[in-house]
file query_22.txt (compact mmCIF, C-alpha atoms and all ligand atoms)
# COMPACT_ATOMS: atom_id res chain seq x y z
CA MET A 26 -1.33 -10.07 19.82
CA ASP A 27 1.55 -8.11 21.33
CA ALA A 28 4.20 -5.92 19.76
CA SER A 29 6.76 -8.72 19.45
CA GLU A 30 4.30 -10.93 17.57
CA LEU A 31 3.50 -8.11 15.16
CA GLN A 32 7.20 -7.55 14.66
CA ALA A 33 7.80 -11.24 13.97
CA ILE A 34 5.15 -11.23 11.24
CA ALA A 35 6.58 -8.05 9.73
CA THR A 36 10.10 -9.48 9.72
CA ALA A 37 9.00 -12.72 8.07
CA GLU A 38 7.13 -10.74 5.43
CA ASP A 39 10.13 -8.54 4.69
CA GLN A 40 12.43 -11.54 4.45
CA ALA A 41 10.11 -13.25 1.97
CA LEU A 42 10.38 -10.33 -0.46
CA ARG A 43 12.67 -10.91 -3.42
CA PRO A 44 15.33 -8.36 -4.37
CA THR A 45 13.20 -7.09 -7.26
CA ARG A 46 9.53 -6.36 -6.76
CA MET A 47 6.87 -5.83 -9.40
CA TYR A 48 3.97 -3.97 -7.84
CA CYS A 49 0.84 -4.42 -9.92
CA CYS A 50 -2.19 -2.38 -8.95
CA THR A 51 -5.17 -4.64 -8.35
CA SER A 52 -7.53 -1.97 -7.08
CA THR A 53 -10.91 -1.34 -8.67
CA GLY A 54 -9.93 0.93 -11.55
CA CYS A 55 -7.02 -1.20 -12.63
CA ARG A 56 -9.06 -4.37 -12.28
CA ALA A 57 -11.56 -2.95 -14.70
CA ALA A 58 -8.66 -2.55 -17.11
CA GLN A 59 -7.52 -6.17 -16.76
CA SER A 60 -4.84 -5.75 -14.10
CA LEU A 61 -5.55 -9.20 -12.65
CA ALA A 62 -4.61 -10.72 -16.01
CA VAL A 63 -1.53 -8.48 -16.11
CA LYS A 64 -0.50 -9.74 -12.67
CA GLN A 65 -1.13 -13.34 -13.62
CA ASN A 66 0.97 -12.99 -16.75
CA LEU A 67 3.76 -11.31 -14.78
CA GLU A 68 3.76 -14.24 -12.36
CA GLN A 69 3.84 -16.73 -15.22
CA ALA A 70 6.68 -14.87 -16.91
CA VAL A 71 8.71 -14.88 -13.70
CA MET A 72 8.16 -18.60 -13.21
CA SER A 73 8.90 -19.43 -16.85
CA ALA A 74 12.15 -17.49 -16.62
CA GLY A 75 13.13 -19.33 -13.43
CA LEU A 76 13.35 -16.02 -11.56
CA GLY A 77 11.09 -16.90 -8.65
CA GLU A 78 13.93 -16.36 -6.19
CA GLN A 79 14.81 -12.96 -7.65
CA VAL A 80 11.48 -11.33 -8.44
CA SER A 81 8.28 -10.94 -6.42
CA VAL A 82 5.03 -10.02 -8.16
CA ILE A 83 2.77 -8.24 -5.70
CA GLY A 84 -0.79 -7.08 -6.15
CA VAL A 85 -1.27 -3.75 -4.41
CA GLY A 86 -3.93 -1.19 -3.66
CA CYS A 87 -4.49 1.94 -5.73
CA MET A 88 -1.30 3.74 -6.70
CA GLY A 89 -3.25 6.93 -7.24
CA PHE A 90 -2.67 7.59 -10.93
CA CYS A 91 -5.85 5.81 -11.98
CA GLY A 92 -6.18 7.62 -15.30
CA GLN A 93 -3.22 5.64 -16.60
CA ASP A 94 -4.21 2.24 -15.33
CA PRO A 95 -3.29 -0.53 -15.15
CA LEU A 96 -0.04 0.49 -13.50
CA VAL A 97 2.99 -1.66 -12.77
CA GLU A 98 5.95 -0.34 -10.77
CA VAL A 99 9.28 -2.13 -10.64
CA ALA A 100 11.36 -1.61 -7.49
CA PRO A 101 14.00 -0.84 -6.47
CA GLN A 102 14.65 0.26 -10.07
CA GLN A 103 11.88 2.87 -9.72
CA VAL A 104 10.41 2.19 -13.13
CA LEU A 105 6.73 2.74 -13.82
CA TYR A 106 4.64 1.34 -16.64
CA GLU A 107 1.21 2.66 -17.56
CA LYS A 108 -1.78 1.28 -19.42
CA VAL A 109 -0.20 -2.15 -19.30
CA THR A 110 -2.02 -4.87 -21.20
CA PRO A 111 -1.79 -8.57 -20.31
CA ASP A 112 0.20 -9.35 -23.45
CA GLN A 113 2.84 -6.75 -22.45
CA ALA A 114 3.56 -8.33 -19.07
CA ALA A 115 6.31 -10.66 -20.27
CA SER A 116 8.12 -7.79 -21.95
CA ILE A 117 8.32 -5.94 -18.61
CA LEU A 118 10.26 -8.86 -17.21
CA ASN A 119 12.29 -8.86 -20.40
CA GLY A 120 13.16 -5.24 -19.70
CA LEU A 121 14.59 -6.24 -16.33
CA GLN A 122 17.04 -8.43 -18.20
CA GLY A 123 18.03 -5.67 -20.58
CA GLY A 124 15.59 -6.46 -23.36
CA PRO A 125 13.01 -4.23 -25.04
CA VAL A 126 9.77 -3.39 -23.24
CA GLN A 127 6.55 -2.95 -25.13
CA ALA A 128 4.65 -1.27 -22.33
CA GLN A 129 4.26 2.51 -22.06
CA ALA A 130 6.82 4.01 -19.69
CA GLY A 131 5.48 6.22 -16.91
CA ASN A 132 7.26 8.80 -14.80
CA LEU A 133 7.47 8.52 -11.04
CA ARG A 134 8.79 12.10 -10.99
CA HIS A 135 5.60 13.36 -12.57
CA PRO A 136 4.21 16.31 -10.58
CA PHE A 137 1.20 14.17 -9.78
CA PHE A 138 3.47 12.05 -7.58
CA THR A 139 6.08 14.57 -6.47
CA GLY A 140 3.48 17.18 -5.54
CA GLN A 141 1.85 14.94 -2.97
CA LEU A 142 2.61 14.39 0.66
CA ARG A 143 0.80 11.19 1.46
CA VAL A 144 -0.25 10.81 5.05
CA VAL A 145 -3.18 8.43 5.43
CA ARG A 146 -2.22 6.66 2.21
CA GLU A 147 1.48 6.65 2.93
CA HIS A 148 1.87 2.98 1.97
CA SER A 149 -0.44 3.11 -1.02
CA GLY A 150 0.97 0.98 -3.81
CA ARG A 151 3.03 -1.17 -1.47
CA VAL A 152 0.50 -3.14 0.57
CA ASP A 153 -1.11 -6.30 -0.79
CA PRO A 154 -4.77 -5.95 0.21
CA ASP A 155 -5.23 -9.72 0.09
CA ARG A 156 -2.54 -10.42 2.70
CA ILE A 157 -2.81 -9.05 6.20
CA GLU A 158 0.89 -9.84 6.73
CA SER A 159 1.69 -7.25 4.08
CA TYR A 160 -0.24 -4.62 6.03
CA ILE A 161 1.49 -5.61 9.26
CA ALA A 162 4.87 -5.27 7.52
CA ALA A 163 3.84 -1.68 6.70
CA GLU A 164 3.42 -1.02 10.43
CA GLY A 165 -0.25 -1.94 10.36
CA TYR A 166 -1.98 -2.39 13.73
CA GLN A 167 0.93 -0.94 15.68
CA ALA A 168 -1.12 2.05 16.79
CA LEU A 169 -4.06 -0.18 17.71
CA GLN A 170 -1.81 -2.49 19.69
CA ARG A 171 -0.39 0.49 21.55
CA VAL A 172 -3.83 1.95 22.26
CA LEU A 173 -5.27 -1.32 23.54
CA GLN A 174 -2.32 -2.55 25.55
CA GLU A 175 -0.24 0.42 26.58
CA MET A 176 -2.43 3.51 26.87
CA THR A 177 -5.26 4.66 29.09
CA PRO A 178 -8.42 6.18 27.60
CA ASN A 179 -7.29 9.62 28.79
CA GLN A 180 -3.96 9.22 27.06
CA VAL A 181 -5.69 8.22 23.82
CA VAL A 182 -7.96 11.26 23.89
CA GLU A 183 -5.06 13.54 24.72
CA GLU A 184 -2.93 12.15 21.91
CA ILE A 185 -5.70 12.68 19.36
CA ARG A 186 -6.26 16.18 20.72
CA ARG A 187 -2.58 17.04 20.32
CA SER A 188 -2.45 15.52 16.82
CA GLY A 189 -4.97 18.03 15.49
CA LEU A 190 -6.67 15.20 13.59
CA ARG A 191 -9.59 16.50 11.57
CA GLY A 192 -12.77 14.77 10.49
CA ARG A 193 -13.20 13.95 6.84
CA GLY A 194 -16.94 14.60 6.62
CA GLY A 195 -16.50 17.91 4.86
CA LEU A 196 -16.29 20.36 7.76
CA ALA A 197 -12.77 19.44 8.85
CA ILE A 198 -13.77 19.66 12.48
CA ARG A 199 -11.02 18.74 14.87
CA ARG A 200 -11.81 15.28 16.20
CA ALA A 201 -10.72 16.00 19.72
CA SER A 202 -12.19 19.37 20.44
CA SER A 203 -13.34 19.85 23.99
CA GLY A 204 -16.96 18.91 23.18
CA PRO A 205 -18.56 15.54 22.51
CA PRO A 206 -18.04 12.77 21.54
CA TRP A 207 -14.79 12.54 23.47
CA PRO A 208 -16.23 12.59 26.98
CA ARG A 209 -18.20 9.50 26.01
CA CYS A 210 -14.97 7.67 25.18
CA LEU A 211 -13.94 8.13 28.78
CA THR A 212 -17.26 7.02 30.24
CA PRO A 213 -18.26 3.85 28.41
CA LYS A 214 -21.50 3.40 30.39
CA SER A 215 -22.98 6.66 29.17
CA THR A 216 -25.53 6.51 26.34
S1 LIG B 1 -6.97 1.78 -9.32
FE1 LIG B 1 -4.94 1.35 -10.05
S2 LIG B 1 -3.96 3.27 -9.88
FE2 LIG B 1 -5.87 3.62 -9.00

call {"tool": "encode", "arguments": {"input": "query_22.txt", "output": "structure tokens"}}
result
Amino acid sequence: MDASELQAIATAEDQALRPTRMYCCTSTGCRAAQSLAVKQNLEQAVMSAGLGEQVSVIGVGCMGFCGQDPLVEVAPQQVLYEKVTPDQAASILNGLQGGPVQAQAGNLRHPFFTGQLRVVREHSGRVDPDRIESYIAAEGYQALQRVLQEMTPNQVVEEIRRSGLRGRGGLAIRRASSGPPWPRCLTPKST
């Protein structure tokens, strides 16, 4: 798959999004707290209200604030709801239409969120883990495509060296120090 094909998938995915998005965490912690039922009820509420062209309900990976799960974020309104129960789902949609909401309001300006600079998990809470198109729309596979089709092995090693990328095994060793395993990347026949 080349860059233009990735871009075509990303564009189609973006165009399929409705103006209002309800991001419902469906990661492990939230699942244990019934988030799949929350998501299902959100979807049913949207359909019952005839708002399928206006509102997307999207299951997403962990939003990070697991102690308050299940979480539902409404965008672009930037509204967060915490500890949502399945029977509160319809009221969240009601809130979009100006009605009362029964769910507990969260705060996206909480220091837990504002104090973080997400790097690896930059798109956390936006990507649907069940749909690869969603990942591609979040620039997924672009680096892999570039590495496989545009760069030489030496260029890959040099880019990682310049990035200062560190291992996550506890020692924070720079991944592209001058020692192994990088020479092996350049000589695939070595053992
Ligand atoms: S598992 Fe839902 S916020 Fe972490």

call {"tool": "closest_residue", "arguments": {"input": "query_22.txt", "among": "A:Leu118, A:Met88, A:Met47, A:Val144", "to": "ligand LIG 1 (chain B)", "atoms": "only C-alpha atoms and all ligand atoms"}}
result
A:Met88

call {"tool": "closest_residue", "arguments": {"input": "query_22.txt", "among": "A:Glu98, A:Glu158, A:Glu68, A:Asp153", "to": "Pro111 (chain A)", "atoms": "all atoms listed in the file"}}
result
A:Glu68

call {"tool": "closest_residue", "arguments": {"input": "query_22.txt", "among": "A:Gln102, A:Gln93, A:Gln79, A:Gln32", "to": "ligand LIG 1 (chain B)", "atoms": "all atoms listed in the file"}}
result
A:Gln93

call {"tool": "residues_near_ligand", "arguments": {"input": "query_22.txt", "ligand": "ligand LIG 1 (chain B)", "cutoff": "10 Å", "atoms": "all atoms listed in the file", "output": "NGL selection string"}}
result
:A and (49-58 or 60 or 85-97 or 107-108 or 149-150)

call {"tool": "atom_distance", "arguments": {"input": "query_22.txt", "atom1": "CA of Asp39 (chain A)", "atom2": "CA of Gln113 (chain A)"}}
result
28.2 Å

call {"tool": "axis_aligned_box", "arguments": {"input": "query_22.txt", "around": "region 155-159 of chain A", "padding_each_side": "6 Å", "output": "JSON"}}
result
{"center_x": -1.8, "center_y": -8.8, "center_z": 3.4, "size_x": 18.9, "size_y": 15.2, "size_z": 18.6}

call {"tool": "atom_distance", "arguments": {"input": "query_22.txt", "atom1": "CA of Ile157 (chain A)", "atom2": "CA of Arg143 (chain A)"}}
result
21.1 Å

call {"tool": "residues_near_point", "arguments": {"input": "query_22.txt", "point": "(14.4, -10.7, -19.2)", "cutoff": "12 Å", "atoms": "all atoms listed in the file", "output": "list of chain:residue names"}}
result
A:Leu67, A:Ala70, A:Val71, A:Met72, A:Ser73, A:Ala74, A:Gly75, A:Leu76, A:Gln79, A:Val80, A:Ala114, A:Ala115, A:Ser116, A:Ile117, A:Leu118, A:Asn119, A:Gly120, A:Leu121, A:Gln122, A:Gly123, A:Gly124, A:Pro125, A:Val126

call {"tool": "atom_distance", "arguments": {"input": "query_22.txt", "atom1": "CA of Ala163 (chain A)", "atom2": "CA of His148 (chain A)"}}
result
6.9 Å

call {"tool": "closest_residue", "arguments": {"input": "query_22.txt", "among": "A:Gln69, A:Val152, A:Gln127, A:Ser159", "to": "Ala41 (chain A)", "atoms": "all atoms listed in the file"}}
result
A:Ser159

call {"tool": "closest_residue", "arguments": {"input": "query_22.txt", "among": "A:Ala168, A:Val145, A:Leu61, A:Leu105", "to": "Gly131 (chain A)", "atoms": "all atoms listed in the file"}}
result
A:Leu105

call {"tool": "decode", "arguments": {"input": "query_22.txt", "residues": "region 121-176 of chain A", "atoms": "C-alpha atoms", "output": "PDB file, in the first residue's frame"}}
result
ATOM      1  CA  LEU A 121     -26.754  17.732  23.343  1.00  0.00           C
ATOM      2  CA  GLN A 122     -30.241  18.983  22.609  1.00  0.00           C
ATOM      3  CA  GLY A 123     -30.302  21.262  25.617  1.00  0.00           C
ATOM      4  CA  GLY A 124     -31.954  18.875  28.055  1.00  0.00           C
ATOM      5  CA  PRO A 125     -30.790  17.708  31.480  1.00  0.00           C
ATOM      6  CA  VAL A 126     -28.011  15.136  31.763  1.00  0.00           C
ATOM      7  CA  GLN A 127     -27.985  12.592  34.527  1.00  0.00           C
ATOM      8  CA  ALA A 128     -24.377  11.537  34.097  1.00  0.00           C
ATOM      9  CA  GLN A 129     -21.543  12.927  36.232  1.00  0.00           C
ATOM     10  CA  ALA A 130     -19.736  15.767  34.467  1.00  0.00           C
ATOM     11  CA  GLY A 131     -15.965  15.454  34.166  1.00  0.00           C
ATOM     12  CA  ASN A 132     -13.363  18.110  33.493  1.00  0.00           C
ATOM     13  CA  LEU A 133     -11.087  17.976  30.487  1.00  0.00           C
ATOM     14  CA  ARG A 134      -9.063  20.798  32.069  1.00  0.00           C
ATOM     15  CA  HIS A 135      -8.298  18.634  35.077  1.00  0.00           C
ATOM     16  CA  PRO A 136      -4.538  18.665  35.803  1.00  0.00           C
ATOM     17  CA  PHE A 137      -4.506  14.973  35.009  1.00  0.00           C
ATOM     18  CA  PHE A 138      -5.149  15.890  31.375  1.00  0.00           C
ATOM     19  CA  THR A 139      -3.518  19.305  31.118  1.00  0.00           C
ATOM     20  CA  GLY A 140      -0.331  18.163  32.852  1.00  0.00           C
ATOM     21  CA  GLN A 141       0.407  15.549  30.225  1.00  0.00           C
ATOM     22  CA  LEU A 142       2.245  15.783  26.963  1.00  0.00           C
ATOM     23  CA  ARG A 143       1.207  12.659  25.141  1.00  0.00           C
ATOM     24  CA  VAL A 144       3.697  11.370  22.639  1.00  0.00           C
ATOM     25  CA  VAL A 145       3.266   7.659  21.993  1.00  0.00           C
ATOM     26  CA  ARG A 146      -0.389   7.858  23.004  1.00  0.00           C
ATOM     27  CA  GLU A 147      -1.059  11.092  21.191  1.00  0.00           C
ATOM     28  CA  HIS A 148      -4.286   9.787  19.628  1.00  0.00           C
ATOM     29  CA  SER A 149      -5.504   7.954  22.704  1.00  0.00           C
ATOM     30  CA  GLY A 150      -9.246   8.363  23.038  1.00  0.00           C
ATOM     31  CA  ARG A 151      -9.741   9.075  19.346  1.00  0.00           C
ATOM     32  CA  VAL A 152      -8.902   5.816  17.575  1.00  0.00           C
ATOM     33  CA  ASP A 153     -11.442   3.008  17.303  1.00  0.00           C
ATOM     34  CA  PRO A 154      -9.393  -0.124  18.031  1.00  0.00           C
ATOM     35  CA  ASP A 155     -11.864  -2.271  16.091  1.00  0.00           C
ATOM     36  CA  ARG A 156     -11.404  -0.350  12.834  1.00  0.00           C
ATOM     37  CA  ILE A 157      -8.043  -0.129  11.142  1.00  0.00           C
ATOM     38  CA  GLU A 158      -9.362   2.749   9.014  1.00  0.00           C
ATOM     39  CA  SER A 159      -9.665   4.788  12.192  1.00  0.00           C
ATOM     40  CA  TYR A 160      -5.985   4.201  12.949  1.00  0.00           C
ATOM     41  CA  ILE A 161      -5.010   5.111   9.398  1.00  0.00           C
ATOM     42  CA  ALA A 162      -7.002   8.343   9.709  1.00  0.00           C
ATOM     43  CA  ALA A 163      -4.835   9.133  12.754  1.00  0.00           C
ATOM     44  CA  GLU A 164      -1.744   8.878  10.535  1.00  0.00           C
ATOM     45  CA  GLY A 165      -1.266   5.203  11.317  1.00  0.00           C
ATOM     46  CA  TYR A 166       1.239   3.291   9.173  1.00  0.00           C
ATOM     47  CA  GLN A 167       2.623   6.439   7.579  1.00  0.00           C
ATOM     48  CA  ALA A 168       6.015   5.948   9.199  1.00  0.00           C
ATOM     49  CA  LEU A 169       6.048   2.261   8.247  1.00  0.00           C
ATOM     50  CA  GLN A 170       5.134   3.088   4.669  1.00  0.00           C
ATOM     51  CA  ARG A 171       7.949   5.628   4.539  1.00  0.00           C
ATOM     52  CA  VAL A 172      10.475   3.221   6.058  1.00  0.00           C
ATOM     53  CA  LEU A 173       9.593   0.367   3.703  1.00  0.00           C
ATOM     54  CA  GLN A 174       9.208   2.305   0.485  1.00  0.00           C
ATOM     55  CA  GLU A 175      11.245   5.471   0.742  1.00  0.00           C
ATOM     56  CA  MET A 176      14.197   4.945   3.075  1.00  0.00           C
TER      57      MET A 176
END
